[in-house]
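Shown next: protein-v1.cif, containing mmCIF, C-alpha atoms.
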data_final
loop_
_atom_site.label_atom_id
_atom_site.label_comp_id
_atom_site.auth_asym_id
_atom_site.auth_seq_id
_atom_site.Cartn_x
_atom_site.Cartn_y
_atom_site.Cartn_z
CA MET M 1 76.35 69.40 40.16
CA SER M 2 74.77 71.08 43.17
CA VAL M 3 72.61 69.15 45.61
CA SER M 4 69.04 70.29 46.24
CA ALA M 5 68.17 72.03 49.49
CA ARG M 6 65.79 69.23 50.50
CA GLN M 7 68.41 66.57 49.87
CA THR M 8 70.98 68.53 51.88
CA ALA M 9 68.55 68.87 54.78
CA PHE M 10 67.69 65.16 54.60
CA SER M 11 71.37 64.10 54.60
CA ALA M 12 72.15 66.35 57.55
CA LEU M 13 69.14 65.14 59.53
CA MET M 14 70.08 61.52 58.90
CA ARG M 15 73.57 62.15 60.26
CA VAL M 16 72.18 63.75 63.42
CA GLU M 17 69.72 60.87 63.78
CA THR M 18 72.12 57.99 63.23
CA ALA M 19 75.47 59.36 64.43
CA GLN M 20 74.18 61.77 67.13
CA SER M 21 76.42 64.45 65.67
CA TYR M 22 76.20 68.13 66.60
CA SER M 23 73.65 70.01 64.51
CA ASN M 24 75.78 73.05 63.62
CA ILE M 25 78.84 71.03 62.60
CA THR M 26 76.73 68.55 60.63
CA LEU M 27 74.81 71.18 58.70
CA ASP M 28 77.95 73.20 57.89
CA SER M 29 79.56 70.02 56.53
CA GLU M 30 76.57 69.12 54.34
CA LEU M 31 76.18 72.68 53.06
CA GLU M 32 79.86 72.76 52.13
CA LYS M 33 79.47 69.53 50.13
CA SER M 34 76.27 70.63 48.43
CA GLY M 35 77.75 73.33 46.21
CA SER M 36 74.35 75.02 46.28
CA SER M 37 73.39 78.69 45.94
CA PRO M 38 73.03 80.97 48.96
CA ARG M 39 69.25 80.80 48.55
CA ASP M 40 69.23 76.99 48.58
CA ARG M 41 71.62 76.91 51.52
CA SER M 42 69.29 79.17 53.47
CA PHE M 43 66.28 76.96 52.63
CA ALA M 44 68.20 73.81 53.62
CA ALA M 45 69.12 75.37 56.97
CA LYS M 46 65.50 76.39 57.56
CA LEU M 47 64.29 72.84 56.88
CA PHE M 48 67.05 71.26 58.96
CA TYR M 49 66.56 73.34 62.09
CA GLY M 50 62.80 73.47 61.64
CA VAL M 51 62.57 69.69 61.74
CA LEU M 52 64.93 69.40 64.73
CA GLU M 53 63.06 72.04 66.71
CA ASN M 54 59.66 70.45 66.01
CA ARG M 55 60.53 66.76 65.95
CA LEU M 56 58.16 65.53 68.66
CA LEU M 57 55.29 67.59 67.25
CA LEU M 58 55.94 66.24 63.74
CA ASP M 59 56.20 62.67 65.04
CA TYR M 60 52.88 63.05 66.86
CA ASN M 61 51.27 64.17 63.60
CA VAL M 62 52.66 61.10 61.86
CA ALA M 63 51.37 58.84 64.63
CA VAL M 64 47.78 60.12 64.52
CA ARG M 65 47.64 59.57 60.75
CA SER M 66 49.42 56.22 60.52
CA ASP M 67 48.21 52.66 60.99
CA ARG M 68 51.77 51.71 61.99
CA SER M 69 53.49 52.52 65.26
CA LEU M 70 56.42 54.92 65.00
CA LYS M 71 58.80 52.12 66.02
CA GLU M 72 57.80 50.17 62.91
CA ILE M 73 58.71 52.99 60.55
CA ASP M 74 62.23 53.04 59.05
CA THR M 75 64.48 55.86 60.31
CA GLY M 76 64.96 57.33 56.85
CA VAL M 77 61.23 57.25 56.19
CA MET M 78 60.54 59.03 59.49
CA VAL M 79 63.03 61.76 58.60
CA LEU M 80 61.33 62.23 55.23
CA LEU M 81 57.89 62.40 56.83
CA ARG M 82 59.13 65.05 59.25
CA LEU M 83 60.55 67.04 56.34
CA GLY M 84 57.30 66.83 54.41
CA LEU M 85 55.09 67.72 57.37
CA TYR M 86 57.33 70.62 58.36
CA GLN M 87 56.96 72.10 54.87
CA LEU M 88 53.18 71.63 54.99
CA PHE M 89 52.62 73.22 58.39
CA PHE M 90 55.47 75.69 58.83
CA ALA M 91 56.97 76.65 55.43
CA ASP M 92 54.44 79.16 54.08
CA SER M 93 56.41 79.69 50.89
CA VAL M 94 56.15 76.01 49.91
CA PRO M 95 52.94 74.94 48.09
CA ALA M 96 51.32 71.84 49.58
CA ARG M 97 51.68 69.95 46.30
CA ALA M 98 55.42 70.63 46.24
CA ALA M 99 55.82 69.57 49.87
CA VAL M 100 54.19 66.22 49.08
CA ASN M 101 55.66 65.53 45.64
CA GLU M 102 59.22 66.57 46.43
CA THR M 103 59.26 64.43 49.58
CA VAL M 104 58.00 61.39 47.65
CA ALA M 105 60.72 62.05 45.06
CA LEU M 106 63.32 62.04 47.86
CA CYS M 107 62.05 58.60 48.87
CA ARG M 108 62.92 57.22 45.47
CA SER M 109 66.27 59.01 45.12
CA ASN M 110 67.44 57.77 48.54
CA GLY M 111 66.65 54.08 48.05
CA LEU M 112 63.36 54.21 49.95
CA GLY M 113 61.06 53.83 46.96
CA ASN M 114 59.16 50.96 48.55
CA ALA M 115 57.90 53.42 51.18
CA SER M 116 56.83 56.11 48.69
CA GLY M 117 53.16 55.07 48.79
CA PHE M 118 53.12 55.20 52.59
CA VAL M 119 54.82 58.61 52.66
CA ASN M 120 52.49 59.92 49.97
CA GLY M 121 49.44 58.76 51.94
CA ILE M 122 50.49 60.37 55.23
CA LEU M 123 51.41 63.67 53.60
CA ARG M 124 48.27 63.83 51.44
CA SER M 125 46.14 63.17 54.52
CA ALA M 126 47.83 66.10 56.27
CA ALA M 127 47.57 68.31 53.18
CA ASN M 128 43.84 67.61 52.86
CA ASP M 129 42.89 68.73 56.37
CA MET M 130 45.88 71.01 57.19
CA GLN M 131 45.23 70.40 60.88
CA LEU M 132 48.26 70.37 63.15
CA ARG M 133 47.16 67.88 65.80
CA LEU M 134 47.97 68.24 69.52
CA PRO M 135 47.13 66.07 72.54
CA ASP M 136 44.32 67.10 74.89
CA PRO M 137 45.81 69.40 77.58
CA LYS M 138 43.01 68.38 79.97
CA LYS M 139 44.24 64.78 79.99
CA SER M 140 47.91 65.67 80.56
CA ARG M 141 49.26 69.21 80.53
CA THR M 142 52.85 67.93 80.62
CA LYS M 143 52.31 65.78 77.51
CA TYR M 144 50.53 68.65 75.77
CA LEU M 145 53.45 71.02 76.44
CA SER M 146 55.93 68.32 75.49
CA ILE M 147 54.36 67.80 72.06
CA LYS M 148 53.56 71.46 71.38
CA TYR M 149 57.12 72.61 72.08
CA SER M 150 58.87 69.36 71.09
CA CYS M 151 60.58 68.94 74.43
CA PRO M 152 60.58 65.53 76.16
CA GLU M 153 58.12 65.06 79.00
CA LYS M 154 60.99 64.36 81.40
CA ILE M 155 62.42 67.84 80.84
CA VAL M 156 59.03 69.58 80.88
CA SER M 157 58.15 67.82 84.13
CA LEU M 158 61.51 68.79 85.66
CA TRP M 159 61.03 72.47 84.76
CA ARG M 160 57.40 72.59 85.92
CA LYS M 161 58.36 71.07 89.26
CA SER M 162 61.47 73.25 89.68
CA TYR M 163 60.37 76.62 88.34
CA GLY M 164 56.57 76.58 87.97
CA ASP M 165 54.40 76.88 84.89
CA GLU M 166 55.05 80.55 84.09
CA ILE M 167 58.82 80.19 83.79
CA THR M 168 58.46 76.79 82.10
CA LEU M 169 56.23 78.28 79.40
CA GLY M 170 58.70 81.12 78.91
CA VAL M 171 61.64 78.75 78.51
CA LEU M 172 59.70 76.44 76.19
CA SER M 173 58.61 79.36 74.03
CA SER M 174 62.23 80.47 73.70
CA LEU M 175 63.41 77.13 72.31
CA ALA M 176 62.41 77.93 68.73
CA GLU M 177 63.89 81.44 68.80
CA ARG M 178 67.19 82.25 67.17
CA PRO M 179 69.62 83.12 69.98
CA PRO M 180 71.48 86.40 69.62
CA LEU M 181 75.02 86.28 68.25
CA CYS M 182 77.10 87.87 71.01
CA VAL M 183 80.81 88.60 70.89
CA ARG M 184 83.26 89.74 73.52
CA VAL M 185 85.39 92.72 72.48
CA ASN M 186 89.12 92.08 72.82
CA THR M 187 89.83 95.13 74.93
CA LEU M 188 93.55 94.40 74.74
CA LYS M 189 93.39 95.61 71.12
CA ILE M 190 90.31 97.79 70.64
CA THR M 191 87.41 99.48 72.43
CA ALA M 192 83.81 98.35 72.07
CA GLU M 193 82.95 101.50 70.15
CA GLY M 194 85.98 101.08 67.91
CA LEU M 195 84.98 97.52 67.07
CA ARG M 196 81.36 98.53 66.51
CA VAL M 197 82.39 101.17 63.96
CA SER M 198 84.85 98.80 62.27
CA LEU M 199 82.24 96.07 61.93
CA GLU M 200 79.65 98.43 60.54
CA GLN M 201 82.16 99.50 57.90
CA SER M 202 82.21 95.82 56.91
CA GLY M 203 78.43 95.75 56.63
CA VAL M 204 77.82 94.10 60.01
CA ILE M 205 75.24 95.53 62.40
CA ALA M 206 76.72 95.67 65.90
CA GLU M 207 74.76 96.80 68.96
CA PRO M 208 76.10 97.15 72.52
CA HIS M 209 74.54 94.71 74.96
CA LYS M 210 72.11 96.39 77.37
CA ALA M 211 73.71 94.92 80.49
CA VAL M 212 77.10 93.34 79.80
CA LYS M 213 80.05 95.65 79.26
CA ASP M 214 82.20 95.13 76.15
CA CYS M 215 79.64 92.73 74.69
CA LEU M 216 78.28 93.36 71.20
CA MET M 217 75.30 91.68 69.52
CA LEU M 218 75.88 91.13 65.81
CA SER M 219 73.64 90.56 62.82
CA GLY M 220 74.31 90.27 59.10
CA THR M 221 77.74 88.75 59.68
CA GLY M 222 77.88 86.00 57.09
CA ALA M 223 80.68 83.58 57.99
CA ILE M 224 82.24 84.97 61.19
CA GLU M 225 85.66 83.50 60.41
CA ALA M 226 85.81 85.46 57.16
CA LEU M 227 85.51 88.85 58.85
CA PRO M 228 88.81 90.78 58.94
CA GLN M 229 88.06 91.82 62.52
CA PHE M 230 87.87 88.16 63.54
CA ARG M 231 91.13 87.29 61.77
CA GLU M 232 92.80 90.26 63.46
CA GLY M 233 91.73 88.96 66.87
CA LEU M 234 89.50 91.90 67.77
CA PHE M 235 86.79 89.69 69.32
CA HIS M 236 85.71 86.15 70.13
CA VAL M 237 82.21 84.68 70.01
CA GLN M 238 80.72 84.20 73.49
CA ASP M 239 77.17 84.35 74.83
CA SER M 240 76.40 87.21 77.17
CA ALA M 241 75.74 84.77 80.05
CA SER M 242 79.31 83.47 79.87
CA GLN M 243 80.65 87.01 79.67
CA LEU M 244 78.60 88.00 82.72
CA CYS M 245 79.93 84.94 84.53
CA CYS M 246 83.51 86.18 84.04
CA ALA M 247 82.58 89.72 85.08
CA LEU M 248 81.06 88.44 88.33
CA LEU M 249 84.24 86.47 89.09
CA ASP M 250 85.93 89.88 88.70
CA PRO M 251 89.56 88.88 88.05
CA GLN M 252 92.01 91.73 88.64
CA GLU M 253 95.10 92.89 86.80
CA GLY M 254 98.03 90.70 87.86
CA ASP M 255 95.88 87.92 89.34
CA SER M 256 96.54 84.21 89.06
CA LEU M 257 93.51 82.33 87.73
CA LEU M 258 92.71 78.63 87.34
CA ASP M 259 90.08 77.62 84.76
CA MET M 260 89.14 74.05 85.66
CA CYS M 261 87.23 73.06 82.48
CA SER M 262 88.38 75.63 79.96
CA ALA M 263 87.96 74.41 76.37
CA PRO M 264 87.18 75.92 73.96
CA GLY M 265 88.58 78.81 75.98
CA GLY M 266 86.04 81.63 75.84
CA LYS M 267 86.00 82.28 79.58
CA SER M 268 89.80 82.15 79.82
CA PHE M 269 90.02 84.71 77.02
CA THR M 270 87.51 87.05 78.64
CA CYS M 271 89.23 86.77 82.02
CA ALA M 272 92.59 87.54 80.40
CA GLU M 273 91.09 90.67 78.88
CA LEU M 274 89.55 91.70 82.22
CA MET M 275 93.03 91.21 83.72
CA LYS M 276 94.41 93.57 81.04
CA GLY M 277 96.73 90.83 79.82
CA LYS M 278 98.69 90.81 83.08
CA GLY M 279 98.94 87.89 85.49
CA ASN M 280 98.63 84.22 84.62
CA ILE M 281 95.86 81.78 83.71
CA THR M 282 96.14 78.00 83.89
CA ALA M 283 93.56 76.39 81.60
CA LEU M 284 92.71 72.74 82.22
CA ASP M 285 90.74 70.32 80.08
CA LEU M 286 90.35 66.58 79.84
CA TYR M 287 91.25 66.39 76.14
CA SER M 288 94.49 67.64 74.59
CA ALA M 289 92.77 68.18 71.23
CA ARG M 290 90.28 70.58 72.80
CA LEU M 291 93.11 72.46 74.49
CA GLY M 292 94.37 73.10 70.98
CA LEU M 293 91.32 75.34 70.54
CA VAL M 294 92.39 77.32 73.61
CA LYS M 295 95.94 77.73 72.32
CA ASN M 296 94.84 78.75 68.82
CA GLY M 297 92.24 81.18 70.14
CA ALA M 298 94.71 82.80 72.52
CA GLU M 299 97.23 83.20 69.71
CA ARG M 300 94.64 84.82 67.41
CA LEU M 301 93.61 87.23 70.17
CA GLY M 302 97.20 88.07 71.13
CA ILE M 303 96.83 86.71 74.67
CA ASP M 304 100.08 85.34 76.10
CA ILE M 305 99.23 84.73 79.77
CA ILE M 306 97.38 81.42 79.28
CA SER M 307 99.09 78.07 79.78
CA THR M 308 97.24 74.79 79.20
CA ARG M 309 97.31 71.39 80.83
CA ALA M 310 95.42 68.22 79.89
CA CYS M 311 93.97 66.51 82.95
CA ASP M 312 90.81 65.35 84.67
CA ALA M 313 89.54 68.34 86.65
CA SER M 314 88.01 66.10 89.30
CA GLY M 315 91.44 64.62 90.10
CA PHE M 316 93.80 67.47 89.25
CA ASP M 317 96.53 67.79 91.88
CA GLY M 318 98.87 70.49 90.62
CA ALA M 319 100.98 72.86 92.69
CA VAL M 320 98.68 75.79 91.90
CA ARG M 321 97.28 78.45 94.21
CA ALA M 322 95.08 81.04 92.54
CA ASP M 323 93.37 84.33 93.38
CA ARG M 324 90.43 83.27 91.24
CA VAL M 325 89.22 79.77 90.32
CA LEU M 326 86.61 79.29 87.63
CA CYS M 327 84.68 76.04 87.78
CA ASP M 328 82.40 75.90 84.72
CA VAL M 329 81.54 72.21 84.85
CA PRO M 330 80.29 69.71 82.25
CA CYS M 331 76.48 69.69 82.44
CA SER M 332 73.29 68.44 80.80
CA GLY M 333 73.08 71.56 78.62
CA LEU M 334 69.38 72.25 79.21
CA GLY M 335 70.11 75.98 79.01
CA ILE M 336 71.44 75.88 75.45
CA ILE M 337 68.79 73.76 73.71
CA ARG M 338 67.91 76.59 71.36
CA ARG M 339 71.54 76.56 70.16
CA LYS M 340 71.75 72.78 70.01
CA PRO M 341 68.20 71.48 69.48
CA GLU M 342 69.41 67.88 69.20
CA LEU M 343 70.32 67.90 72.92
CA ARG M 344 66.69 67.48 73.95
CA TYR M 345 66.48 64.11 72.18
CA LYS M 346 69.57 62.53 73.76
CA SER M 347 68.72 59.20 75.34
CA ASP M 348 70.83 60.07 78.39
CA LEU M 349 71.22 63.70 79.43
CA GLY M 350 73.19 62.72 82.51
CA LEU M 351 70.60 64.16 84.88
CA GLU M 352 71.25 61.40 87.40
CA GLY M 353 75.04 61.06 87.26
CA LEU M 354 76.27 64.56 86.45
CA PRO M 355 75.53 66.33 89.77
CA GLU M 356 77.94 64.09 91.68
CA LEU M 357 80.71 64.57 89.10
CA GLN M 358 80.15 68.32 89.14
CA TYR M 359 80.32 68.41 92.90
CA LYS M 360 83.55 66.41 92.86
CA ILE M 361 85.10 68.93 90.45
CA LEU M 362 83.88 71.86 92.57
CA CYS M 363 85.31 70.36 95.77
CA ASN M 364 88.63 69.69 94.06
CA ALA M 365 88.70 73.21 92.62
CA SER M 366 88.25 74.68 96.10
CA ARG M 367 91.63 73.26 97.16
CA PHE M 368 93.48 75.66 94.85
CA VAL M 369 91.94 78.95 96.00
CA LYS M 370 94.22 81.26 97.99
CA SER M 371 93.11 82.58 101.35
CA GLY M 372 90.68 85.42 100.58
CA GLY M 373 90.41 84.27 96.97
CA ARG M 374 87.22 83.62 95.05
CA LEU M 375 85.69 80.50 93.53
CA LEU M 376 82.94 80.64 90.91
CA TYR M 377 80.76 77.64 90.02
CA SER M 378 78.69 77.73 86.83
CA THR M 379 76.73 75.59 84.37
CA CYS M 380 74.80 76.19 81.16
CA THR M 381 71.84 74.12 82.32
CA LEU M 382 68.48 74.61 84.02
CA ASN M 383 68.32 71.85 86.60
CA PRO M 384 68.42 72.54 90.37
CA ASP M 385 70.26 69.27 91.07
CA GLU M 386 73.19 70.50 88.96
CA ASN M 387 72.88 74.09 90.09
CA GLU M 388 71.69 75.42 93.45
CA LYS M 389 71.69 72.05 95.19
CA ASN M 390 75.39 71.58 94.42
CA ALA M 391 76.12 75.16 95.51
CA GLU M 392 74.18 74.77 98.77
CA ARG M 393 75.80 71.41 99.49
CA PHE M 394 79.23 72.97 98.96
CA LEU M 395 78.59 75.69 101.53
CA GLY M 396 77.20 73.15 103.98
CA GLU M 397 80.29 70.94 103.73
CA HIS M 398 83.05 73.59 103.44
CA GLU M 399 83.25 75.79 106.53
CA ASP M 400 86.26 77.63 105.13
CA TYR M 401 84.07 79.21 102.40
CA ILE M 402 81.44 81.94 102.61
CA PRO M 403 78.87 83.04 99.99
CA VAL M 404 79.61 86.25 98.07
CA PRO M 405 76.50 88.28 97.12
CA LEU M 406 76.34 88.94 93.40
CA THR M 407 76.13 92.56 92.27
CA LEU M 408 74.05 92.35 89.11
CA PRO M 409 74.40 94.95 86.38
CA GLU M 410 71.36 97.02 85.44
CA GLY M 411 69.33 95.09 82.87
CA ILE M 412 69.86 91.65 84.39
CA GLU M 413 66.82 90.38 86.28
CA ARG M 414 66.33 87.44 88.60
CA GLY M 415 63.59 85.08 87.48
CA LYS M 416 63.21 83.25 90.78
CA ASP M 417 63.88 83.57 94.49
CA GLU M 418 67.40 82.41 95.29
CA ARG M 419 70.35 83.13 97.56
CA GLU M 420 72.21 86.37 96.91
CA ASN M 421 75.36 84.52 95.85
CA MET M 422 73.44 82.58 93.17
CA LEU M 423 71.91 83.60 89.85
CA THR M 424 69.78 81.56 87.46
CA LEU M 425 69.50 83.15 84.03
CA PHE M 426 66.48 82.28 81.88
CA PRO M 427 66.51 82.88 78.09
CA HIS M 428 63.07 84.53 77.94
CA ILE M 429 63.86 86.96 80.77
CA ASN M 430 67.41 88.13 80.00
CA GLY M 431 67.92 87.02 76.39
CA THR M 432 70.89 84.91 77.48
CA ASP M 433 71.49 81.19 77.41
CA GLY M 434 69.98 79.35 80.36
CA PHE M 435 72.79 79.60 82.90
CA PHE M 436 73.63 79.28 86.59
CA ILE M 437 76.30 81.16 88.55
CA SER M 438 77.33 80.89 92.20
CA LEU M 439 80.20 82.75 93.89
CA PHE M 440 82.15 81.83 97.04
CA GLN M 441 85.13 83.25 98.91
CA ARG M 442 87.71 81.42 100.94
CA LYS M 443 87.99 82.81 104.47
#
Starting from the file, lay out its structure as structure tokens.
Amino acid sequence: MSVSARQTAFSALMRVETAQSYSNITLDSELEKSGSSPRDRSFAAKLFYGVLENRLLLDYNVAVRSDRSLKEIDTGVMVLLRLGLYQLFFADSVPARAAVNETVALCRSNGLGNASGFVNGILRSAANDMQLRLPDPKKSRTKYLSIKYSCPEKIVSLWRKSYGDEITLGVLSSLAERPPLCVRVNTLKITAEGLRVSLEQSGVIAEPHKAVKDCLMLSGTGAIEALPQFREGLFHVQDSASQLCCALLDPQEGDSLLDMCSAPGGKSFTCAELMKGKGNITALDLYSARLGLVKNGAERLGIDIISTRACDASGFDGAVRADRVLCDVPCSGLGIIRRKPELRYKSDLGLEGLPELQYKILCNASRFVKSGGRLLYSTCTLNPDENEKNAERFLGEHEDYIPVPLTLPEGIERGKDERENMLTLFPHINGTDGFFISLFQRK
């Protein structure tokens, strides 16, 4: 028997809430178990991501209608209230009566029947006035933006202070958008035009990226892994920001390259393709299991110049000297919230501790660059402490390195004033993930 879309969404949301699991993996798992129709799967996904992307706003609308504090409300009951309110305020195709009644029914079927009266009361109150409540922006603009865009005040405050209100509003507005599905063409096997034509013959719409060479934006794919072009290793999935990062490092045919934090391997794959499959790449990662993703991906793509090694990048001490070193460090992930909406609700984003770890990895990486070689530092976050401050500190403390001005392709715009060897990518300006890139050269 198939599971209803609402039940699937509830089960997935509970797993994210209680186990802090990744949203995409969790939803895929629950959808697989549900045995539901494509239509129900689509509705479940809409509910699941809709609740995650609007959680703080939904919670605020519970709080203003409840005589209990949010801390007093059971986790499962809160998830159900979010589901019900999301359907009332955002799911136009769902009648208000269905939003209320079906949510109350979920209470009973999930062992929360004693809370059904409370849930019914909150939802009926919302259904009667249909007013999505927001805090007064005159009292606190940061709180207002936090609730409206469901982004914690700490992050909103950080962005307002770092980038100003205009960029902050742009980034916040982008959080609920579906990010483009970008793939990197495996130029060792096929051209971008050849892959575009092949994909369209399979019913997939493929458009060349406006700024990044050999990058295609796909729509109508269905399950990516099921496409024959994927199985044949003609492409790998990678956001355009990461592809641009590799292009700016500019590895050459026959180079040696060290990828300090490589898994799941996308940047190593792109660099291998830019190197025309000639040279060698050493891919490091802390976890052997994650290096398995690198090995499997390289095999599927037909790349044979990548070797892997499990180690801590901050303490790696191998006998390696490379023409290019890629240092894409672990970060708080504030640039990929629209891909992983659960990130914004993590109790500890690492904003305090991560910059020092990142800097340690960058300094260690610099030891392995050949004379005249290049070192690229990057993150997928929007936080100056993890980005430009680390890059500026590195230049100040390493006299044997100089900044390398970045030559940006047409179509990529800077959103802020910054040094020529640095680039901060904002989702609402370039359509990429939020990303930071800085390039150095050893004297």
- [ ] Identify which of the residues M:Ala272, M:Leu169, M:Ala365, M:Ile429 lies closest to Leu301 of chain M, counting all atoms listed in the file when measuring atom-to-atom distances.
- [x] M:Ala272
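Taken over the whole file, the PyMOL selection byres ((chain M and resi 81) around 8) covers exactly M:Val62, M:Val77, M:Met78, M:Val79, M:Leu80, M:Arg82, M:Leu83, M:Gly84, M:Leu85, M:Thr103, M:Val119, M:Ile122, M:Leu123.
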TODO: For the file shown, report as number ranges by chain the outcome of the PyMOL selection byres ((chain M and resi 343) around 10) at residue level.
DONE: M: 20, 22-23, 52, 151, 332-334, 336-342, 344-349
Open item on the list: If the PyMOL selection byres ((chain M and resi 64) around 12) were run on this exact file, what residues would it hold? Put them as a PyMOL selection string.
Closed with: chain M and resi 57-63+65-70+122+125-126+131-135
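Pairwise distance (atom CA of Ser109 of chain M, atom CA of Glu30 of chain M) equals 17.1 Å.
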- [ ] May I ask for the distance between atom CA of Cys271 of chain M and atom CA of Gly350 of chain M, given in Å to one decimal place?
- [x] 28.9 Å
Task: One-decimal distance in Å that lies between atom CA of Lys295 of chain M and atom CA of Ala283 of chain M - done: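 So the two atoms, atom CA of Ala283 of chain M and atom CA of Lys295 of chain M, lie 9.7 Å apart.
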Extending 6 Å beyond the listed atoms of segment 221-239 of chain M on each side, what axis-aligned box results? I want centre and edge lengths in Å to one decimal, as JSON.
{"center_x": 85.0, "center_y": 87.7, "center_z": 66.0, "size_x": 27.6, "size_y": 20.4, "size_z": 29.7}
- [ ] Determine, counting all atoms listed in the file, which protein, DNA and RNA residues have an atom within 12 Å of an atom of Asn296 of chain M; residues of the same chain fewer than 2 positions away are not included. Present the result as a VMD selection string.
- [x] chain M and resid 231 233 236 263 to 266 269 289 to 294 298 to 304 306 to 308
- [ ] May I have the residues within 7 Å of Ile437 of chain M as an MDAnalysis selection string, using all atoms listed in the file and disregarding those fewer than 5 positions away in the same chain?
- [x] chainID M and resid 245 377:379 422:424
